[in-house]
Number of protein chains: 2
Amino acid sequence: MTTVFYNTQHAPIGSFASFTLGAKGNKGGLGLELAKPADQNVYVGFEESPGRFACLPFFEQSSDEAARFDVEAGGGTSRSVLVPVADKTISRSLSPGLDVWNFGPVSFTIHTPVMAAPDPDVAKEPDLKLAYAPTVTVEITVDNRGGDRDRRVIFGFQSNDPYRGMRRLDETADGVAGIACGDFLALAGCSPGLASANGFNPQEILDERDAFNHSFGIGSTGLLIGVAPAGKRVTFRYAACFHRAGQATTGMDSRYFYTRFFPSLESVAEFAKQNYSALKRRGDAFDRRFHKATDLNPAQRFMLAQAIHSYYGSTELLEVGGHPLWIVNEGEYRMMNTFDLMADQVFFEASLNPWTVRNELDWYLKRYSYTDRARIPGSPIEYPGGLTFTHDMGIANHFARPGFSVYEKAGLDGCFSHMSHEELVNWVICALIYLHKTKDQKWLRKTKPVFRQVLTSLLNRDHHDPAQRDGVMSLDSSRCAGGSEITTYDSLDVSLGQARNNLYLAVKCWGCYVGLEALFKKLGETSRAATCRDQAHRAAATIGGAADRKGLLPAILGENVISRIIPAVEGLIIPHALGLKSALTERGEYGALIVALKRHLRGVLKPGVCLFPDGAWKISSTSSNTWLSKVYLCQFIAREILACVSEKAMKTADERHAAWLLTEENAYWAWSDQIVSGVAKGSKYYPRGVTAILWIK
Amino acid sequence: MTTVFYNTQHAPIGSFASFTLGAKGNKGGLGLELAKPADQNVYVGFEESPGRFACLPFFEQSSDEAARFDVEAGGGTSRSVLVPVADKTISRSLSPGLDVWNFGPVSFTIHTPVMAAPDPDVAKEPDLKLAYAPTVTVEITVDNRGGDRDRRVIFGFQSNDPYRGMRRLDETADGVAGIACGDFLALAGCSPGLASANGFNPQEILDERDAFNHSFGIGSTGLLIGVAPAGKRVTFRYAACFHRAGQATTGMDSRYFYTRFFPSLESVAEFAKQNYSALKRRGDAFDRRFHKATDLNPAQRFMLAQAIHSYYGSTELLEVGGHPLWIVNEGEYRMMNTFDLMADQVFFEASLNPWTVRNELDWYLKRYSYTDRARIPGSPIEYPGGLTFTHDMGIANHFARPGFSVYEKAGLDGCFSHMSHEELVNWVICALIYLHKTKDQKWLRKTKPVFRQVLTSLLNRDHHDPAQRDGVMSLDSSRCAGGSEITTYDSLDVSLGQARNNLYLAVKCWGCYVGLEALFKKLGETSRAATCRDQAHRAAATIGGAADRKGLLPAILGENVISRIIPAVEGLIIPHALGLKSALTERGEYGALIVALKRHLRGVLKPGVCLFPDGAWKISSTSSNTWLSKVYLCQFIAREILACVSEKAMKTADERHAAWLLTEENAYWAWSDQIVSGVAKGSKYYPRGVTAILWIK
C-alpha cells in the first residue's frame with residue numbers, strides 16, 4: 001500500500017453507524033446515519049514530554065472556541081500541546097476485524113465485529129445482544145517500560161453535531177467514565193484509571209490542574225485521560241458507542257432493533273464495559289477465515305477488508321411492529337436496500353447470514369412489489385407485464401410509500417428511470433441463492449406462487465407472443481410512461497444504462513432461467529421447467545448470435561451500439577452460485593454461450609477497449625466510469641469460471657484498483673464504487689464492494 | 001430602518017424552534033434546537049412570466065445535486081428559473097406578531113404567537129394545545145386580478161440536516177399536502193389547491209410535466225405549489241411545523257410539553273390545517289398592545305419587536321415526570337435558564353406569564369441551588385456562606401448535574417468563574433417581582449424559609465462580623481477555590497466583570513434589601529425587616545460615599561479602578577418593579593443614593609466616558625463592548641426613574657443602537673446583545689433584549 005492514511009469504517013452491525021478513521025485531518029470520527037465521514041477531530045496520543053502530546057494526525061488545530069464567550073479577551077491562547085507524529089513513524093495493518101496503528105511506544109487498535117448477524121427470530125437474547133450492541137471496541141497500549149516518568153494517554157473527539165453538545169457520560173452512566181455527544185455518540189472508558197474531561201480544546205483540558213474544571217460543560221471537546229506509569233506497559237480499553245432512541249424512521253414507523261436491549265446510550269456504554277472481552281472478539285472467526293486466504297495478493301486483501309468495513313457502515317437492523325427489517329443503506333446516497341445492490345451483496349450475506357436475504361426479499365414482496373403492464377418501444381399499446389419490484393425501499397431512514405421507490409421517475413430514458421426488469425431479475429437471483437444456501441423448505445413453500453408470477457413476468461417482458469420470444473427483455477414497463485427502463489448502471493452511457501436488449505441483463509436473464517429451471521424441476525413443475533430451459537436456450541442463442549466477426553458481443557443486442565462491456569459475463573455467477581456448474585462448461589448444454597462469453601471477455605480485456613492503459617479494468621469501452629464492485633465480480637468470473645486471464649495481468653489490475661482507493665481524494669471516502677478516470681465520483685462510502693467475498697472460501 | 005434584509009426569528013412558544021427569515025441568501029429557514037439560523041434556501045415566489053419565478057432573495061443558486069448520482073452526465077442543466085426581485089421593490093413591516101413582506105403583486109406574511117403562555121398546571125387542554133402547537137402560520141396573497149394567465153405560487157425550502165432528507169408529508173399526514181425534513185421540520189399546506197413536490201432543485205421541480213415525478217424522493221428541495229388564476233386575488237395558507245419526539249434531553253430525562261398533544265410532526269400539520277385561523281390570531285392581542293405604545297420612536301419599535309422575536313426562539317417548555325419545566329435557552333450559547341438572563345427577562349415574563357418565573361425559581365431551588373462557604377480575598381479561611389444558585393441548568397438540551405452549572409469553573413478571576421452572589425441577588429429579584437405581580441400567597445408560604453436563608457446568605461457574603469458589614473459583597477464563594485466571583489458581565493473588563501465591591505452589583509444588592517425589607521415586614525418578621533433596612537442603608541452609604549469630586553462613582557468600590565459604568569443604576573429597577581416608588585425619590589429615605597446615581601449617570605453619559613462618539617451608549621468607559629439588553633434597561637431607568645436625559649439624546653442613541661443590529665454582518669443574527677465597536681461579537685441570536693418590554697405599558 002502506498003499510504004496508511006485512508007479512512008476505514010468501523011461499524012457495529014446493523015447500527016447505521018461508523019467510527020471512521022484513517023484519513024489525515026478532521027476527516028473521521030463517530031458518525032450515525034450520515035452520508036459521509038463525521039469530519040470530527042479525533043485525538044489519539046501520549047505525553048511525549050511533559051505537557052506535549054504526540055498524536056495520530058486525525059485532527060486540525062482548532063480555532064479558539066472560548067473566544068465566542070469571552071469576546072473581549074478573545075479566549076485563551078491557542079498554543080498547541082498536540083503534535084502529530086511524523087508520517088514515516090506510523091505503521092498500520094488492516095483486516096476485516098482489526099485496524100492496528102503503531103507509532104512510537106503506542107499501539108492503537110479498533111476491533112470491528114465482522115461476524116454472522118444472528119437471526120432475531122431464532123437466536124437467543126445474549127447472542128443478539130452481543131452481536132447487535134451498537135459499539136466498537138478500541139484499545140490503546142503504551143509501552144512505558146523504558147520511561148522514567150508517568151505519561152498521560154489521551155483518546156477523544158470534538159463533536160460537531162448541530163443540535164447537541166458534548167458532555168461527560170460519568171454523570172449519567174453507572175460506573176463508566178466517558179464523553180458523549182447528546183444522547184447518540186459516546187466514547188466510554190472500559191478500563192480502570194480512565195478519567196473523562198470536557199473543554200473547549202485539548203490544550204485547555206490537558207493544562208487544567210483542578211479536576212473540578214474537567215466537568216466544564218460548554219466546550220465541544222471531550223477526552224478520556226489515562227496514565228501509563230513509568231516503567232510499565234499498559235493497555236487502556238474503550239468503546240465507541242452509538243444510539244438512536246425512539247422512532248427511527250418516517251414513512252413507516254420503526255425502531256432500531258438494538259433498542260430492544262439498549263434503551264439508552266448509557267446502557268450501551270455500561271454493557272460495553274461489562275462485556276468488553278466478548279465484544280472485542282466478535283470479529284475473530286471471520287479474521288481467521290480472511291487470513292486463511294493466502295492466495296490473495298496484498299491489493300486484494302486490502303480491497304476485500306476495506307469493502308467489508310464499508311458494507312457494515314451501511315447496515316441497519318430495524319424492528320417494525322416486532323418484526324425485524326434488515327437494511328443495507330446505499331453509502332453516500334443512503335437509499336435503503338437498493339435491490340440492484342442486494343443482488344451483488346447477496347454473496348456476502350448468503351455466506352454469513354442468509355436470513356438477511358430472506359428478510360429483504362420478504363419485505364420487497366410485502367411492501368415494495370408492484371404489477372405493471374409492458375410496452376413495446378414507440379407504441380402506446382399496453383400488454384400484460386407482471387409482478388416486479390421497486391428500486392429501493394426509501395432513503396435516509398424514510399420509507400417510500402408502498403409499491404414505489406424514491407428513485408424511479410416516469411418518462412425518462414436515463415438515470416432515475418425505472419428498473420422494473422433489472423429488479424425482477426435481482427429478486428430471482430437473491431431468492432435462488434437464498435434457497436440454495438439454506439434449503440429453507442418452509443420459505444420455498446410460501447414463496448412458490450411468487451416464483452410462478454415472476455416467471456410470467458419475465459416472459460411477458462420478453463414478448464407477449466411466445467413465438468417471438470428471444471430470451472431477452474424487449475418491453476419496457478408501463479411505469480416508464482413511454483420512457484425506457486435502465487439497469488443498475490444508471491450513470492453509464494447506453495452500453496450499460498439501457499435495459500432493453502442489454503447484453504449484461506441478457507446474460508443475467510439466461511442465468512435466471514437456468515436457475516429457475518432447476519427450481520421448477522425440483523418442485524415437479526415440469527412444464528414451467530421446460531419453459532425456463534427453452535427461454536435459456538433462446539437467450540443463449542440471441543446472445544451468441546450477436547457476436548461480430550472478431551467474436552466480440554455488442555453491448556446492446558441488435559441496436560448497432562459500438563460499446564463493449566465486461567459485465568457481459570456477470571450473469572455467469574448465477575449458475576455458479578447455485579451449484580449448477582454443468583451450465584458453465586464449454587462442452588455443456590450452454591457451451592456455445594460460454595465459449596462466446598469467454599472469447600468476448602478475452603477480446604475486450606485489452607487496452608483501448610476495456611482496459612485502461614495501466615491495466616485497470618474499464619467496464620465499458622465507451623465510458624471512463626468503472627465500478628469496482630462489478631469489476632471484483634467479473635474478475636472472480638474471469639479467474640474462477642472462465643479461467644481466461646493471466647494472474648499477472650490480474651495482479652496488475654488489482655494493484656491499480658487498490659491504488660485508486662488510496663489517492664488522497666478518494667481515501668476520505670473509505671470504499672467507493674464509481675471511479676471515473678481514477679476519481680471516486682459517485683457511490684462513495686459504499687457497501688457494494690463485498691462482491692470481493694467471492695475471492696475467499 | 002436602513003434595510004429590510006435582517007433576520008427575524010418566528011418561533012412557536014416553548015418549542016426551541018424558529019422559522020428565521022430576512023437576511024439575504026441561504027441565511028434563514030426552519031431551525032430546531034440550533035445555535036444559529038438554519039442557513040437553508042427558502043423559496044417564496046410567483047410565476048412572473050411562464051417558467052420564470054420572481055422570488056424574495058432568500059436563497060443561493062444551488063449547485064447541481066443530481067450530478068452526485070448521474071456522475072457521467074453531470075446531472076441536468078443548472079439554468080435558474082428563480083430570479084430574486086430587485087431590493088427596492090421589496091417593502092417590509094415588522095411587529096412582534098406580524099412580519100409582512102410586499103413585492104409586486106405578492107404579500108408574504110409570517111404570524112408569530114406572541115401571547116401569554118398558559119400555565120400547564122392550570123390551563124385547559126384546548127388553550128394549551130393552541131398556545132404550544134409547535135407551528136407558525138404563514139400566508140401568501142397574490143393579486144392576479146390584472147393578470148391574463150394563471151400564475152404558479154411557490155413556497156418551500158431546501159433541507160440541510162446531516163441525518164435526514166426531504167420527503168412529502170402527504171404520504172403520512174391525513175389530508176395535508178406538505179414537505180418535510182425527517183420527522184422534525186415541515187411546511188404544511190393549509191389551503192386547498194396546494195400540491196407538494198420534491199426534487200433536487202426548484203428548476204427541476206417547476207419544469208416537471210409529469211405530476212408522478214413530484215414524488216421523487218431523493219432531492220433536498222421541497223416546494224408547495226399553488227396556482228393564482230387569471231383575474232383573481234388569492235391567499236394561500238401554510239404552517240411551518242416543528243417536532244421533536246421522545247426524550248428531549250440528557251442529564252435529566254424530559255420531553256417537549258407539546259408532545260402531550262402532538263405525537264408526531266404529522267399531527268402538528270393536521271392541527272395547523274384544521275385550526276389555522278385560531279393559530280394565526282395568537283399574536284393579535286399583544287400586537288394591539290404594541291401598537292398602542294405610540295410614544296416609542298421607530299428605532300425603539302424595531303428593537304422591541306426584534307428582541308421579542310428572538311426571545312421566543314430560545315424558549316422551551318419541557319415536561320419532566322409530568323411536571324412542566326420552562327426554559328429560556330441562551331441564544332447562540334444555548335445555556336439553559338442562565339439565571340443572570342432570567343433577572344432581565346423577568347420583566348417580560350412577569351408581564352405576560354408570571355408562572356414561568358415561579359417555575360424557573362422552583363427548579364432552581366430544587367435542582368440548581370447549593371450551599372457554599374465564603375472567603376475573604378487572599379485568605380484561605382472559610383466562613384459561613386449560604387444558599388445560592390448556579391449560573392445555569394445546562395446547555396443544548398443537556399441538564400447539568402444537580403447543584404452545578406455547566407459554566408462555572410474553579411480558580412478563575414474572569415470569564416467562567418462562579419457567579420454565586422450575582423445569582424443569589426437574581427433569585428431575590430425574580431422571586432420578589434413574581435410575588436408582587438401575582439400575590440401568590442401559596443408560593444410565599446412555601447418559599448418563606450428560602451427568603452430567610454437567602455438573607456443569611458447575603459449577609460454572610462457581606463461580612464461574617466455584622467459590625468463590619470457595608471451592604472456590599474466582600475467575600476467570594478468557596479467554590480471559586482481562591483479565585484474571584486464574577487458578574488453577568490463576564491466578558492467585560494474588571495469594571496463590570498468582578499463581583500466583589502462591584503458598583504453594579506452593590507446597587508442591585510441595595511435594591512434587594514429594599515425589596516426584602518418590604519417582604520419581611522408583610523410577613524411580620526420585623527427583626528429581619530430591620531436587618532434588611534439596615535443593610536440597604538449601609539449599601540447606600542457605601543455607594544454614595546464612593547463618589548469622587550465630580551460626583552462620579554467608581555466601577556469597583558474602593559479599589560482604585562478608573563472605569564465608569566452605566567449599569568450603576570440597574571438596581572433602581574428593583575424597587576420600581578416592586579412598586580416601592582418612595583425608595584426612588586430624591587427626597588425619600590434613600591434620597592442621597594438617588595441623587596448620587598443621577599449625578600453619576602448624567603456625568604458618565606458623555607462622549608469619551610460612556611457614550612460612543614455618535615451618541616450610542618457604552619456600558620463601561622473602559623470597554624468598547626456594550627450590551628443592548630442592559631442599555632435598554634438603563635435607558636428605561638434614565639427616562640422613567642431618574643428623568644435625567646434629553647429625549648433628543650435618547651432618540652439619537654436608539655437610532656444608533658438599531659443601526660448596529662441592521663449592519664449586514666449583525667443582521668444575520670436577528671437580535672444580539674454584545675456589540676463590540678458596532679459588531680455583534682457575542683450573545684448573538686439572543687433572548688435577553690426583552691428588557692425593552694419596560695418601554696411599553
# chains A, B, ... in the order shown; residues from 1 in each chain; ligands from 1
$ interface_residues --of "chain A" --to "chain B" --cutoff "8 Å" --atoms "only C-alpha atoms" --output "VMD selection string"
chain A and resid 32 to 35 68 to 73 162 to 165 167 171 to 172 182 to 183 210 212 to 213 215 to 218 245 to 246 249 to 251 394 to 398 400 to 401 405 to 411 415 490 to 493 625 681 to 683
$ select_by_dssp --residues "region 241-393 of chain B" --states "alpha helix (DSSP H)" --output "JSON, numbers by chain"
{"B": [265, 266, 267, 268, 269, 270, 271, 272, 273, 274, 276, 277, 278, 279, 280, 284, 285, 286, 287, 288, 289, 290, 291, 292, 298, 299, 300, 301, 302, 303, 304, 305, 306, 307, 308, 309, 310, 311, 312, 313, 339, 340, 341, 342, 343, 344, 345, 346, 347, 348, 349, 350, 351, 352, 355, 356, 357, 358, 359, 360, 361, 362, 363, 364, 365, 366, 367]}
$ residues_around --residues "Gly231 (chain B)" --least-positions-apart "6" --cutoff "7 Å" --atoms "only C-alpha atoms" --output "list in words"
Asn144, Arg145, Gly146, Gly147 and Asp148 of chain B
$ write_last_selection --atoms "all heavy atoms" --output "tab-separated table (two decimals), in the first residue's frame"
chain	number	residue	atom	x	y	z
B	144	ASN	N	-53.67	38.62	-8.71
B	144	ASN	CA	-53.56	38.36	-10.15
B	144	ASN	C	-54.78	38.90	-10.89
B	144	ASN	O	-55.16	38.41	-11.95
B	144	ASN	CB	-53.39	36.84	-10.39
B	144	ASN	CG	-52.83	36.52	-11.78
B	144	ASN	OD1	-52.30	37.41	-12.45
B	144	ASN	ND2	-52.97	35.28	-12.20
B	145	ARG	N	-55.40	39.95	-10.29
B	145	ARG	CA	-56.62	40.48	-10.90
B	145	ARG	C	-56.34	41.15	-12.24
B	145	ARG	O	-57.16	41.14	-13.13
B	145	ARG	CB	-57.32	41.45	-9.95
B	145	ARG	CG	-58.07	40.71	-8.85
B	145	ARG	CD	-58.69	41.65	-7.85
B	145	ARG	NE	-57.66	42.43	-7.14
B	145	ARG	CZ	-57.90	43.22	-6.12
B	145	ARG	NH1	-59.14	43.34	-5.66
B	145	ARG	NH2	-56.92	43.88	-5.53
B	146	GLY	N	-55.15	41.69	-12.36
B	146	GLY	CA	-54.78	42.30	-13.64
B	146	GLY	C	-54.14	41.30	-14.60
B	146	GLY	O	-53.81	41.66	-15.73
B	147	GLY	N	-53.98	40.07	-14.17
B	147	GLY	CA	-53.26	39.10	-14.99
B	147	GLY	C	-54.16	38.39	-15.97
B	147	GLY	O	-55.34	38.16	-15.68
B	148	ASP	N	-53.62	38.04	-17.12
B	148	ASP	CA	-54.45	37.35	-18.11
B	148	ASP	C	-54.07	35.87	-18.22
B	148	ASP	O	-54.49	35.18	-19.13
B	148	ASP	CB	-54.33	38.03	-19.48
B	148	ASP	CG	-52.87	38.14	-19.92
B	148	ASP	OD1	-51.99	37.66	-19.16
B	148	ASP	OD2	-52.63	38.71	-21.00
$ closest_residue --among "A:Arg260, A:His463, A:Arg282, A:His309" --to "Leu94 (chain A)" --atoms "only C-alpha atoms"
A:His309
$ closest_residue --among "B:His576, B:Arg602, B:Lys448, B:Lys439" --to "Lys550 (chain B)" --atoms "only C-alpha atoms"
B:Arg602
$ select_by_dssp --residues "region 406-615 of chain A" --states "strand (DSSP E or B)" --output "list in words"
Asp476, Ser477, Ile486, Gln498, Asn502, Ile556, Ile565, Pro607 and Leu611 of chain A
$ closest_residue --among "A:Arg244, A:Lys442, A:Lys129, A:Arg564" --to "Ala186 (chain A)" --atoms "only C-alpha atoms"
A:Arg244
$ residues_around --residues "Leu304 (chain B)" --least-positions-apart "2" --cutoff "8 Å" --atoms "only C-alpha atoms" --output "number ranges by chain"
B: 96, 300-302, 306-308, 689-690, 692-693
$ residues_around --residues "Gly14 (chain A)" --least-positions-apart "4" --cutoff "9 Å" --atoms "only C-alpha atoms" --output "MDAnalysis selection string"
chainID A and resid 117 132 134 256:258 312:318 326:328
$ write_last_selection --atoms "all heavy atoms" --output "CSV table (one decimal), in the first residue's frame"
chain,number,residue,atom,x,y,z
A,117,ALA,N,-24.5,-12.2,11.4
A,117,ALA,CA,-25.5,-11.5,12.1
A,117,ALA,C,-26.6,-12.5,12.5
A,117,ALA,O,-27.2,-13.1,11.6
A,117,ALA,CB,-26.1,-10.3,11.3
A,132,TYR,N,-25.5,-7.3,18.2
A,132,TYR,CA,-26.0,-6.0,17.8
A,132,TYR,C,-25.7,-4.9,18.7
A,132,TYR,O,-26.2,-3.8,18.5
A,132,TYR,CB,-27.5,-6.2,17.5
A,132,TYR,CG,-27.8,-7.1,16.4
A,132,TYR,CD1,-28.5,-8.3,16.6
A,132,TYR,CD2,-27.4,-6.8,15.1
A,132,TYR,CE1,-28.8,-9.2,15.6
A,132,TYR,CE2,-27.7,-7.7,14.1
A,132,TYR,CZ,-28.4,-8.9,14.3
A,132,TYR,OH,-28.6,-9.7,13.3
A,134,PRO,N,-24.6,-1.7,19.8
A,134,PRO,CA,-24.1,-0.7,18.8
A,134,PRO,C,-22.8,0.0,19.3
A,134,PRO,O,-22.8,1.2,19.7
A,134,PRO,CB,-25.3,0.3,18.8
A,134,PRO,CG,-26.0,0.1,20.1
A,134,PRO,CD,-25.8,-1.3,20.5
A,256,TYR,N,-34.7,1.0,16.0
A,256,TYR,CA,-33.5,0.2,15.9
A,256,TYR,C,-33.7,-1.1,16.7
A,256,TYR,O,-34.2,-1.0,17.9
A,256,TYR,CB,-32.2,0.9,16.3
A,256,TYR,CG,-31.7,1.9,15.2
A,256,TYR,CD1,-32.1,3.2,15.2
A,256,TYR,CD2,-30.9,1.4,14.2
A,256,TYR,CE1,-31.7,4.1,14.2
A,256,TYR,CE2,-30.5,2.3,13.2
A,256,TYR,CZ,-30.9,3.6,13.2
A,256,TYR,OH,-30.5,4.4,12.2
A,257,PHE,N,-33.4,-2.2,16.1
A,257,PHE,CA,-33.6,-3.5,16.8
A,257,PHE,C,-32.8,-3.5,18.1
A,257,PHE,O,-33.4,-4.0,19.1
A,257,PHE,CB,-33.0,-4.6,15.9
A,257,PHE,CG,-33.1,-6.0,16.6
A,257,PHE,CD1,-34.4,-6.6,16.7
A,257,PHE,CD2,-32.0,-6.6,17.1
A,257,PHE,CE1,-34.5,-7.8,17.3
A,257,PHE,CE2,-32.1,-7.8,17.8
A,257,PHE,CZ,-33.3,-8.4,17.8
A,258,TYR,N,-31.7,-2.9,18.2
A,258,TYR,CA,-30.9,-2.9,19.4
A,258,TYR,C,-31.6,-2.2,20.6
A,258,TYR,O,-31.2,-2.5,21.8
A,258,TYR,CB,-29.5,-2.4,19.2
A,258,TYR,CG,-29.3,-1.0,18.8
A,258,TYR,CD1,-29.7,0.1,19.6
A,258,TYR,CD2,-28.9,-0.7,17.5
A,258,TYR,CE1,-29.5,1.4,19.2
A,258,TYR,CE2,-28.7,0.6,17.1
A,258,TYR,CZ,-29.1,1.7,17.9
A,258,TYR,OH,-29.0,3.0,17.5
A,312,TYR,N,-20.5,-2.8,6.3
A,312,TYR,CA,-21.1,-2.7,7.7
A,312,TYR,C,-21.6,-1.3,8.1
A,312,TYR,O,-22.6,-1.2,8.8
A,312,TYR,CB,-20.2,-3.3,8.7
A,312,TYR,CG,-20.3,-4.8,8.7
A,312,TYR,CD1,-19.2,-5.6,8.3
A,312,TYR,CD2,-21.4,-5.5,9.1
A,312,TYR,CE1,-19.3,-7.0,8.2
A,312,TYR,CE2,-21.5,-6.9,9.0
A,312,TYR,CZ,-20.5,-7.6,8.6
A,312,TYR,OH,-20.5,-9.0,8.6
A,313,GLY,N,-20.8,-0.3,7.6
A,313,GLY,CA,-21.2,1.0,7.9
A,313,GLY,C,-22.6,1.4,7.4
A,313,GLY,O,-23.3,2.3,7.9
A,314,SER,N,-23.1,0.7,6.4
A,314,SER,CA,-24.4,0.9,5.8
A,314,SER,C,-25.5,0.0,6.3
A,314,SER,O,-26.6,0.2,5.9
A,314,SER,CB,-24.3,0.8,4.2
A,314,SER,OG,-23.7,1.9,3.6
A,315,THR,N,-25.1,-1.0,7.2
A,315,THR,CA,-26.1,-1.9,7.6
A,315,THR,C,-27.0,-1.3,8.7
A,315,THR,O,-26.5,-0.6,9.6
A,315,THR,CB,-25.5,-3.2,8.1
A,315,THR,OG1,-24.6,-3.0,9.2
A,315,THR,CG2,-24.7,-3.9,7.0
A,316,GLU,N,-28.2,-1.8,8.8
A,316,GLU,CA,-29.2,-1.2,9.7
A,316,GLU,C,-30.3,-2.3,10.0
A,316,GLU,O,-31.0,-2.7,9.1
A,316,GLU,CB,-29.9,0.0,9.1
A,316,GLU,CG,-30.9,0.8,9.9
A,316,GLU,CD,-31.3,2.1,9.3
A,316,GLU,OE1,-31.0,2.3,8.1
A,316,GLU,OE2,-32.1,2.8,10.0
A,317,LEU,N,-30.4,-2.7,11.2
A,317,LEU,CA,-31.4,-3.6,11.6
A,317,LEU,C,-32.5,-2.9,12.4
A,317,LEU,O,-32.3,-2.4,13.5
A,317,LEU,CB,-30.8,-4.8,12.4
A,317,LEU,CG,-31.8,-5.9,12.8
A,317,LEU,CD1,-32.5,-6.5,11.6
A,317,LEU,CD2,-31.1,-7.0,13.7
A,318,LEU,N,-33.7,-2.9,11.8
A,318,LEU,CA,-34.8,-2.2,12.4
A,318,LEU,C,-35.8,-3.3,12.9
A,318,LEU,O,-35.7,-4.4,12.6
A,318,LEU,CB,-35.5,-1.3,11.4
A,318,LEU,CG,-34.7,-0.2,10.9
A,318,LEU,CD1,-35.4,0.6,9.8
A,318,LEU,CD2,-34.2,0.8,12.0
A,326,TRP,N,-34.1,-5.9,7.9
A,326,TRP,CA,-32.7,-5.7,7.6
A,326,TRP,C,-32.5,-4.7,6.5
A,326,TRP,O,-33.1,-4.9,5.4
A,326,TRP,CB,-32.0,-7.0,7.3
A,326,TRP,CG,-30.6,-7.0,6.9
A,326,TRP,CD1,-30.1,-7.0,5.6
A,326,TRP,CD2,-29.5,-6.9,7.7
A,326,TRP,NE1,-28.7,-6.9,5.6
A,326,TRP,CE2,-28.3,-6.8,6.9
A,326,TRP,CE3,-29.3,-6.8,9.1
A,326,TRP,CZ2,-27.0,-6.8,7.5
A,326,TRP,CZ3,-28.1,-6.8,9.7
A,326,TRP,CH2,-26.9,-6.7,8.9
A,327,ILE,N,-31.7,-3.7,6.7
A,327,ILE,CA,-31.5,-2.7,5.6
A,327,ILE,C,-30.0,-2.6,5.4
A,327,ILE,O,-29.2,-2.5,6.3
A,327,ILE,CB,-32.1,-1.4,6.0
A,327,ILE,CG1,-33.6,-1.5,5.9
A,327,ILE,CG2,-31.6,-0.3,5.2
A,327,ILE,CD1,-34.4,-0.4,6.6
A,328,VAL,N,-29.6,-2.5,4.1
A,328,VAL,CA,-28.3,-2.0,3.8
A,328,VAL,C,-28.5,-0.7,3.1
A,328,VAL,O,-29.2,-0.6,2.0
A,328,VAL,CB,-27.5,-3.0,2.9
A,328,VAL,CG1,-26.2,-2.4,2.6
A,328,VAL,CG2,-27.4,-4.3,3.5
